[in-house]
$ cat query.pdb   # PDB, C-alpha atoms, pLDDT in the B column
ATOM      1  CA  ARG A   1      -9.960 -16.600  10.231  1.00 60.00           C
ATOM      2  CA  VAL A   2     -10.022 -12.871  10.957  1.00 64.00           C
ATOM      3  CA  LEU A   3      -7.196 -11.957   8.569  1.00 63.00           C
ATOM      4  CA  PRO A   4      -8.689 -13.741   5.517  1.00 66.00           C
ATOM      5  CA  ASP A   5     -12.019 -12.004   6.149  1.00 71.00           C
ATOM      6  CA  LEU A   6     -10.317  -8.619   6.516  1.00 66.00           C
ATOM      7  CA  LEU A   7      -8.314  -9.093   3.316  1.00 66.00           C
ATOM      8  CA  ALA A   8     -11.469 -10.094   1.448  1.00 69.00           C
ATOM      9  CA  ARG A   9     -13.192  -6.887   2.588  1.00 67.00           C
ATOM     10  CA  LEU A  10     -10.184  -4.756   1.633  1.00 64.00           C
ATOM     11  CA  ALA A  11      -9.733  -6.387  -1.751  1.00 64.00           C
ATOM     12  CA  PRO A  12      -9.010  -3.931  -4.551  1.00 61.00           C
ATOM     13  CA  ALA A  13     -12.099  -3.147  -6.570  1.00 52.00           C
ATOM     14  CA  PRO A  14     -11.947  -5.211  -9.781  1.00 47.00           C
ATOM     15  CA  THR A  15     -12.981  -2.169 -11.799  1.00 44.00           C
ATOM     16  CA  ALA A  16     -10.450   0.173 -10.201  1.00 50.00           C
ATOM     17  CA  GLY A  17      -8.002   1.449 -12.766  1.00 55.00           C
ATOM     18  CA  PRO A  18      -4.514   2.747 -12.221  1.00 61.00           C
ATOM     19  CA  VAL A  19      -4.092   5.897 -10.179  1.00 75.00           C
ATOM     20  CA  ARG A  20      -4.162   9.002 -12.367  1.00 80.00           C
ATOM     21  CA  ILE A  21      -0.988  11.083 -12.481  1.00 86.00           C
ATOM     22  CA  GLY A  22      -1.969  14.512 -11.203  1.00 89.00           C
ATOM     23  CA  GLY A  23      -4.810  13.015  -9.163  1.00 89.00           C
ATOM     24  CA  ASP A  24      -5.294  14.246  -5.600  1.00 92.00           C
ATOM     25  CA  VAL A  25      -4.198  12.103  -2.663  1.00 93.00           C
ATOM     26  CA  THR A  26      -4.542  12.463   1.083  1.00 94.00           C
ATOM     27  CA  VAL A  27      -2.057  10.865   3.461  1.00 94.00           C
ATOM     28  CA  VAL A  28      -3.237   9.964   6.957  1.00 93.00           C
ATOM     29  CA  ALA A  29      -0.447   8.844   9.268  1.00 92.00           C
ATOM     30  CA  SER A  30       0.664   8.967  12.873  1.00 88.00           C
ATOM     31  CA  PRO A  31       4.360   9.863  12.808  1.00 85.00           C
ATOM     32  CA  PHE A  32       5.910   9.264  16.198  1.00 78.00           C
ATOM     33  CA  GLY A  33       2.372   8.407  17.341  1.00 71.00           C
ATOM     34  CA  ALA A  34       3.525   6.384  20.340  1.00 70.00           C
ATOM     35  CA  LEU A  35       5.749   9.241  21.511  1.00 77.00           C
ATOM     36  CA  GLY A  36       3.156  12.003  21.310  1.00 74.00           C
ATOM     37  CA  PRO A  37      -0.303  10.776  20.307  1.00 76.00           C
ATOM     38  CA  ARG A  38      -1.981  14.097  21.105  1.00 78.00           C
ATOM     39  CA  VAL A  39       0.335  15.891  18.698  1.00 78.00           C
ATOM     40  CA  PHE A  40       0.976  13.393  15.920  1.00 78.00           C
ATOM     41  CA  CYS A  41      -1.947  10.943  15.810  1.00 84.00           C
ATOM     42  CA  ASN A  42      -3.813  11.011  12.474  1.00 85.00           C
ATOM     43  CA  SER A  43      -1.789  13.770  10.836  1.00 88.00           C
ATOM     44  CA  VAL A  44      -3.176  14.709   7.416  1.00 91.00           C
ATOM     45  CA  SER A  45      -1.214  15.806   4.370  1.00 92.00           C
ATOM     46  CA  ARG A  46      -2.444  16.430   0.840  1.00 95.00           C
ATOM     47  CA  GLY A  47      -0.771  16.348  -2.546  1.00 94.00           C
ATOM     48  CA  VAL A  48      -0.970  14.870  -6.011  1.00 93.00           C
ATOM     49  CA  VAL A  49       0.383  11.753  -7.648  1.00 89.00           C
ATOM     50  CA  ALA A  50       3.515  13.090  -9.321  1.00 87.00           C
ATOM     51  CA  ASN A  51       4.375   9.911 -11.200  1.00 85.00           C
ATOM     52  CA  ALA A  52       3.853   6.171 -11.357  1.00 83.00           C
ATOM     53  CA  ILE A  53       6.835   3.891 -11.737  1.00 84.00           C
ATOM     54  CA  GLY A  54       6.146   0.535 -13.340  1.00 80.00           C
ATOM     55  CA  PRO A  55       4.128  -1.253 -14.449  1.00 72.00           C
ATOM     56  CA  ARG A  56       4.763  -4.642 -12.956  1.00 64.00           C
ATOM     57  CA  PRO A  57       4.313  -7.266 -15.652  1.00 58.00           C
ATOM     58  CA  ALA A  58       0.926  -8.949 -15.411  1.00 58.00           C
ATOM     59  CA  ALA A  59       0.657 -12.685 -14.860  1.00 61.00           C
ATOM     60  CA  ALA A  60      -2.016 -14.636 -16.720  1.00 59.00           C
ATOM     61  CA  GLY A  61      -5.467 -13.322 -15.860  1.00 57.00           C
ATOM     62  CA  GLU A  62      -4.176 -10.201 -14.112  1.00 58.00           C
ATOM     63  CA  VAL A  63      -4.041  -6.502 -14.814  1.00 54.00           C
ATOM     64  CA  ALA A  64      -0.607  -4.840 -14.777  1.00 56.00           C
ATOM     65  CA  THR A  65      -0.030  -2.787 -11.641  1.00 67.00           C
ATOM     66  CA  ASP A  66       2.284   0.139 -11.039  1.00 71.00           C
ATOM     67  CA  LEU A  67       5.194  -0.681  -8.727  1.00 83.00           C
ATOM     68  CA  VAL A  68       5.479   2.676  -6.943  1.00 88.00           C
ATOM     69  CA  TYR A  69       3.625   5.973  -6.958  1.00 88.00           C
ATOM     70  CA  LEU A  70       5.388   9.230  -6.168  1.00 88.00           C
ATOM     71  CA  THR A  71       3.492  12.013  -4.417  1.00 90.00           C
ATOM     72  CA  ASP A  72       4.389  15.557  -3.456  1.00 90.00           C
ATOM     73  CA  ALA A  73       2.358  15.315  -0.229  1.00 91.00           C
ATOM     74  CA  ARG A  74       4.634  16.578   2.562  1.00 87.00           C
ATOM     75  CA  CYS A  75       4.887  13.876   5.196  1.00 86.00           C
ATOM     76  CA  LEU A  76       6.619  14.051   8.542  1.00 82.00           C
ATOM     77  CA  ALA A  77       9.415  11.596   9.241  1.00 81.00           C
ATOM     78  CA  GLY A  78       7.925   8.495  10.808  1.00 85.00           C
ATOM     79  CA  SER A  79       4.808   8.565   8.602  1.00 89.00           C
ATOM     80  CA  GLU A  80       5.832   5.387   6.794  1.00 90.00           C
ATOM     81  CA  GLY A  81       2.983   2.889   6.672  1.00 90.00           C
ATOM     82  CA  GLY A  82       0.360   5.630   6.680  1.00 92.00           C
ATOM     83  CA  ALA A  83      -2.688   5.296   4.463  1.00 92.00           C
ATOM     84  CA  VAL A  84      -2.700   7.095   1.111  1.00 93.00           C
ATOM     85  CA  LEU A  85      -6.251   7.795  -0.013  1.00 91.00           C
ATOM     86  CA  GLY A  86      -7.506   8.766  -3.468  1.00 88.00           C
ATOM     87  CA  ASP A  87     -10.052  11.352  -4.602  1.00 84.00           C
ATOM     88  CA  ASN A  88     -13.003   9.331  -3.312  1.00 84.00           C
ATOM     89  CA  GLY A  89     -11.401   8.136  -0.077  1.00 86.00           C
ATOM     90  CA  GLU A  90     -10.380   4.785  -1.565  1.00 85.00           C
ATOM     91  CA  LEU A  91      -7.177   3.185  -0.293  1.00 87.00           C
ATOM     92  CA  VAL A  92      -4.509   3.860  -2.921  1.00 88.00           C
ATOM     93  CA  GLY A  93      -1.567   2.429  -0.997  1.00 91.00           C
ATOM     94  CA  LEU A  94       0.720   2.790   1.986  1.00 92.00           C
ATOM     95  CA  LEU A  95       3.468   5.346   2.413  1.00 93.00           C
ATOM     96  CA  LEU A  96       7.032   4.069   1.975  1.00 91.00           C
ATOM     97  CA  PRO A  97      10.205   5.614   3.412  1.00 85.00           C
ATOM     98  CA  PRO A  98      11.158   8.855   1.608  1.00 78.00           C
ATOM     99  CA  LEU A  99      13.582   8.850  -1.282  1.00 74.00           C
ATOM    100  CA  VAL A 100      17.139   9.587  -0.185  1.00 69.00           C
ATOM    101  CA  CYS A 101      20.032  10.582  -2.427  1.00 69.00           C
ATOM    102  CA  GLY A 102      23.178  10.770  -0.352  1.00 68.00           C
ATOM    103  CA  ALA A 103      22.387  12.938   2.646  1.00 71.00           C
ATOM    104  CA  VAL A 104      19.528  14.743   0.890  1.00 68.00           C
ATOM    105  CA  VAL A 105      15.945  13.654   1.530  1.00 60.00           C
ATOM    106  CA  GLN A 106      13.896  14.257  -1.605  1.00 60.00           C
ATOM    107  CA  GLU A 107      10.577  16.054  -1.393  1.00 67.00           C
ATOM    108  CA  LEU A 108       8.694  13.224  -3.111  1.00 76.00           C
ATOM    109  CA  SER A 109       7.216  10.500  -0.964  1.00 88.00           C
ATOM    110  CA  ALA A 110       6.922   6.978  -2.327  1.00 90.00           C
ATOM    111  CA  VAL A 111       3.716   4.949  -2.102  1.00 92.00           C
ATOM    112  CA  CYS A 112       3.359   1.188  -2.424  1.00 90.00           C
ATOM    113  CA  PRO A 113       0.107   0.557  -4.337  1.00 88.00           C
ATOM    114  CA  TRP A 114      -2.558  -1.303  -2.386  1.00 85.00           C
ATOM    115  CA  PRO A 115      -3.120  -3.955  -5.114  1.00 82.00           C
ATOM    116  CA  LEU A 116       0.516  -5.068  -4.752  1.00 82.00           C
ATOM    117  CA  LEU A 117       0.287  -5.171  -0.957  1.00 82.00           C
ATOM    118  CA  HIS A 118      -3.004  -7.033  -1.115  1.00 80.00           C
ATOM    119  CA  ALA A 119      -1.577  -9.642  -3.516  1.00 79.00           C
ATOM    120  CA  ALA A 120       1.507 -10.149  -1.331  1.00 80.00           C
ATOM    121  CA  LEU A 121      -0.613 -10.508   1.811  1.00 80.00           C
ATOM    122  CA  GLN A 122      -2.935 -12.978   0.076  1.00 79.00           C
ATOM    123  CA  ASP A 123       0.028 -15.046  -1.121  1.00 79.00           C
ATOM    124  CA  ARG A 124       1.697 -15.031   2.301  1.00 79.00           C
ATOM    125  CA  LEU A 125      -1.564 -15.901   4.020  1.00 79.00           C
ATOM    126  CA  ALA A 126      -2.157 -18.831   1.645  1.00 77.00           C
ATOM    127  CA  VAL A 127       1.325 -20.194   2.432  1.00 79.00           C
ATOM    128  CA  ARG A 128       0.750 -19.759   6.164  1.00 78.00           C
ATOM    129  CA  LEU A 129      -2.633 -21.491   6.045  1.00 76.00           C
ATOM    130  CA  ARG A 130      -1.123 -24.424   4.121  1.00 80.00           C
ATOM    131  CA  GLU A 131       1.717 -24.670   6.654  1.00 82.00           C
ATOM    132  CA  GLU A 132      -0.787 -24.764   9.502  1.00 79.00           C
ATOM    133  CA  GLY A 133      -2.991 -27.282   7.699  1.00 75.00           C
ATOM    134  CA  GLY A 134      -5.802 -24.782   7.175  1.00 58.00           C
ATOM    135  CA  GLY A 135      -5.946 -25.086   3.397  1.00 52.00           C
ATOM    136  CA  GLY A 136      -4.912 -22.420   0.946  1.00 46.00           C
ATOM    137  CA  HIS A 137      -8.156 -20.572   0.206  1.00 48.00           C
ATOM    138  CA  ALA A 138      -7.069 -16.964   0.990  1.00 44.00           C
ATOM    139  CA  GLY A 139      -8.728 -15.543  -2.068  1.00 46.00           C
ATOM    140  CA  GLN A 140      -7.242 -18.136  -4.457  1.00 46.00           C
ATOM    141  CA  ARG A 141      -4.247 -15.944  -5.378  1.00 41.00           C
ATOM    142  CA  ARG A 142      -1.511 -17.541  -7.399  1.00 40.00           C
ATOM    143  CA  SER A 143       1.634 -18.316  -5.449  1.00 40.00           C
ATOM    144  CA  GLY A 144       4.770 -16.231  -5.810  1.00 40.00           C
ATOM    145  CA  ALA A 145       3.336 -13.512  -8.046  1.00 40.00           C
ATOM    146  CA  GLY A 146       5.146 -10.232  -8.165  1.00 40.00           C
ATOM    147  CA  GLY A 147       8.336 -11.736  -6.812  1.00 39.00           C
ATOM    148  CA  GLY A 148       7.870  -9.997  -3.479  1.00 37.00           C
ATOM    149  CA  ALA A 149       5.513 -12.314  -1.631  1.00 35.00           C
ATOM    150  CA  GLY A 150       8.374 -13.901   0.269  1.00 34.00           C
ATOM    151  CA  MET A 151       9.321 -10.550   1.754  1.00 34.00           C
ATOM    152  CA  LEU A 152       6.457 -10.557   4.267  1.00 33.00           C
TER     153      LEU A 152
END
$ encode --input "query.pdb" --output "structure tokens"
Amino acid sequence: RVLPDLLARLAPAPTAGPVRIGGDVTVVASPFGALGPRVFCNSVSRGVVANAIGPRPAAAGEVATDLVYLTDARCLAGSEGGAVLGDNGELVGLLLPPLVCGAVVQELSAVCPWPLLHAALQDRLAVRLREEGGGGHAGQRRSGAGGGAGML
């Protein structure tokens, strides 16, 4: 029951709006953290939200959510999965692998918005709890929303 409680505490604020293009973000990550924790653990990078790609169509009773944010925050290779924080320290999303075009790594980092991750985790958790006979409470998310819940 630890994961459902954690997800409930990390739920996106119902009043939180979309991330503002041009808004400041801070990335906290530990690239290569296991290889050199004294050097790489909790590296910090700052930038702005350069663009928002989306929105994902909203299901009944939902608010549309951007699919991907782009930020100019310079992140070291291996920072994927790092936390991207907004102006007030709120969790905006998690860092995705950098954009690559051929052999050229672009200078914009991609961010998966936290509301999408939260919804996918809630959906996957509900399925897992049903499979294990623990019910499907998990925040009462609708099943299969966003089309990506099966990816976890």
$ resolve_selection --input "query.pdb" --expression "the PyMOL selection byres ((chain A and resi 82) around 7)" --output "MDAnalysis selection string"
chainID A and resid 27:29 79:81 83:84 94:95
$ atom_distance --input "query.pdb" --atom1 "CA of Pro115 (chain A)" --atom2 "CA of Asp72 (chain A)"
21.0 Å
$ atom_distance --input "query.pdb" --atom1 "CA of Val111 (chain A)" --atom2 "CA of Val92 (chain A)"
8.3 Å
$ axis_aligned_box --input "query.pdb" --around "region 48-56 of chain A" --padding-each-side "3 Å" --output "JSON"
{"center_x": 2.9, "center_y": 5.1, "center_z": -10.2, "size_x": 13.8, "size_y": 25.5, "size_z": 14.4}
$ closest_residue --input "query.pdb" --among "A:Val68, A:Val19, A:Cys41, A:Leu129" --to "Ser109 (chain A)" --atoms "only C-alpha atoms"
A:Val68
$ atom_distance --input "query.pdb" --atom1 "CA of Asn51 (chain A)" --atom2 "CA of Asp66 (chain A)"
10.0 Å
$ closest_residue --input "query.pdb" --among "A:Pro37, A:Asp87, A:Leu76, A:Ser45" --to "Gly22 (chain A)" --atoms "all atoms listed in the file"
A:Asp87
$ closest_residue --input "query.pdb" --among "A:Ala120, A:Val39, A:Ala73, A:Val25" --to "Gly89 (chain A)" --atoms "all atoms listed in the file"
A:Val25
$ closest_residue --input "query.pdb" --among "A:Arg20, A:Gln122, A:Ile53, A:Ala103" --to "Asp5 (chain A)" --atoms "all atoms listed in the file"
A:Gln122
$ closest_residue --input "query.pdb" --among "A:Leu85, A:Ala77, A:Leu121, A:Leu91" --to "Arg46 (chain A)" --atoms "all atoms listed in the file"
A:Leu85
$ resolve_selection --input "query.pdb" --expression "the PyMOL selection byres ((chain A and resi 49) around 6)" --output "list in words"
Ile21, Gly22, Gly23, Val48, Ala50, Asn51, Leu70 and Thr71 of chain A
$ decode --input "query.pdb" --residues "region 81-102 of chain A" --atoms "N, CA and C atoms" --output "short mmCIF file (atom, residue, chain, number, x, y, z; two decimals), in the first residue's frame"
data_model
loop_
_atom_site.label_atom_id
_atom_site.label_comp_id
_atom_site.auth_asym_id
_atom_site.auth_seq_id
_atom_site.Cartn_x
_atom_site.Cartn_y
_atom_site.Cartn_z
N GLY A 81 15.26 11.12 -16.49
CA GLY A 81 14.56 10.71 -15.27
C GLY A 81 14.71 11.71 -14.14
N GLY A 82 15.53 12.74 -14.34
CA GLY A 82 15.70 13.76 -13.32
C GLY A 82 14.45 14.61 -13.17
N ALA A 83 14.29 15.19 -12.00
CA ALA A 83 13.12 16.01 -11.71
C ALA A 83 13.25 17.38 -12.36
N VAL A 84 12.17 17.84 -12.97
CA VAL A 84 12.09 19.19 -13.53
C VAL A 84 11.10 19.96 -12.67
N LEU A 85 11.59 21.01 -12.03
CA LEU A 85 10.81 21.78 -11.08
C LEU A 85 10.45 23.13 -11.66
N GLY A 86 9.26 23.62 -11.32
CA GLY A 86 8.79 24.92 -11.78
C GLY A 86 9.25 26.05 -10.88
N ASP A 87 8.72 27.24 -11.16
CA ASP A 87 9.08 28.46 -10.43
C ASP A 87 8.99 28.32 -8.92
N ASN A 88 7.98 27.62 -8.44
CA ASN A 88 7.73 27.50 -7.00
C ASN A 88 8.20 26.17 -6.43
N GLY A 89 9.04 25.45 -7.17
CA GLY A 89 9.55 24.17 -6.69
C GLY A 89 8.61 23.01 -6.91
N GLU A 90 7.49 23.25 -7.62
CA GLU A 90 6.54 22.17 -7.89
C GLU A 90 7.11 21.25 -8.97
N LEU A 91 6.76 19.97 -8.88
CA LEU A 91 7.21 18.99 -9.86
C LEU A 91 6.48 19.22 -11.17
N VAL A 92 7.22 19.60 -12.21
CA VAL A 92 6.65 19.85 -13.53
C VAL A 92 6.64 18.56 -14.35
N GLY A 93 7.70 17.77 -14.22
CA GLY A 93 7.80 16.54 -14.98
C GLY A 93 9.15 15.89 -14.77
N LEU A 94 9.42 14.89 -15.60
CA LEU A 94 10.70 14.19 -15.56
C LEU A 94 11.39 14.34 -16.91
N LEU A 95 12.70 14.46 -16.85
CA LEU A 95 13.51 14.66 -18.04
C LEU A 95 13.51 13.41 -18.91
N LEU A 96 13.31 13.60 -20.20
CA LEU A 96 13.34 12.52 -21.19
C LEU A 96 14.71 12.53 -21.89
N PRO A 97 15.02 11.49 -22.66
CA PRO A 97 16.26 11.53 -23.43
C PRO A 97 16.27 12.74 -24.37
N PRO A 98 17.46 13.29 -24.67
CA PRO A 98 17.53 14.48 -25.52
C PRO A 98 17.07 14.18 -26.94
N LEU A 99 16.66 15.24 -27.63
CA LEU A 99 16.26 15.10 -29.02
C LEU A 99 17.49 14.83 -29.87
N VAL A 100 17.38 13.89 -30.79
CA VAL A 100 18.50 13.56 -31.66
C VAL A 100 18.03 13.60 -33.10
N CYS A 101 18.79 14.27 -33.95
CA CYS A 101 18.49 14.34 -35.37
C CYS A 101 19.73 13.85 -36.10
N GLY A 102 19.70 12.61 -36.54
CA GLY A 102 20.90 12.02 -37.12
C GLY A 102 21.93 11.84 -36.03
#
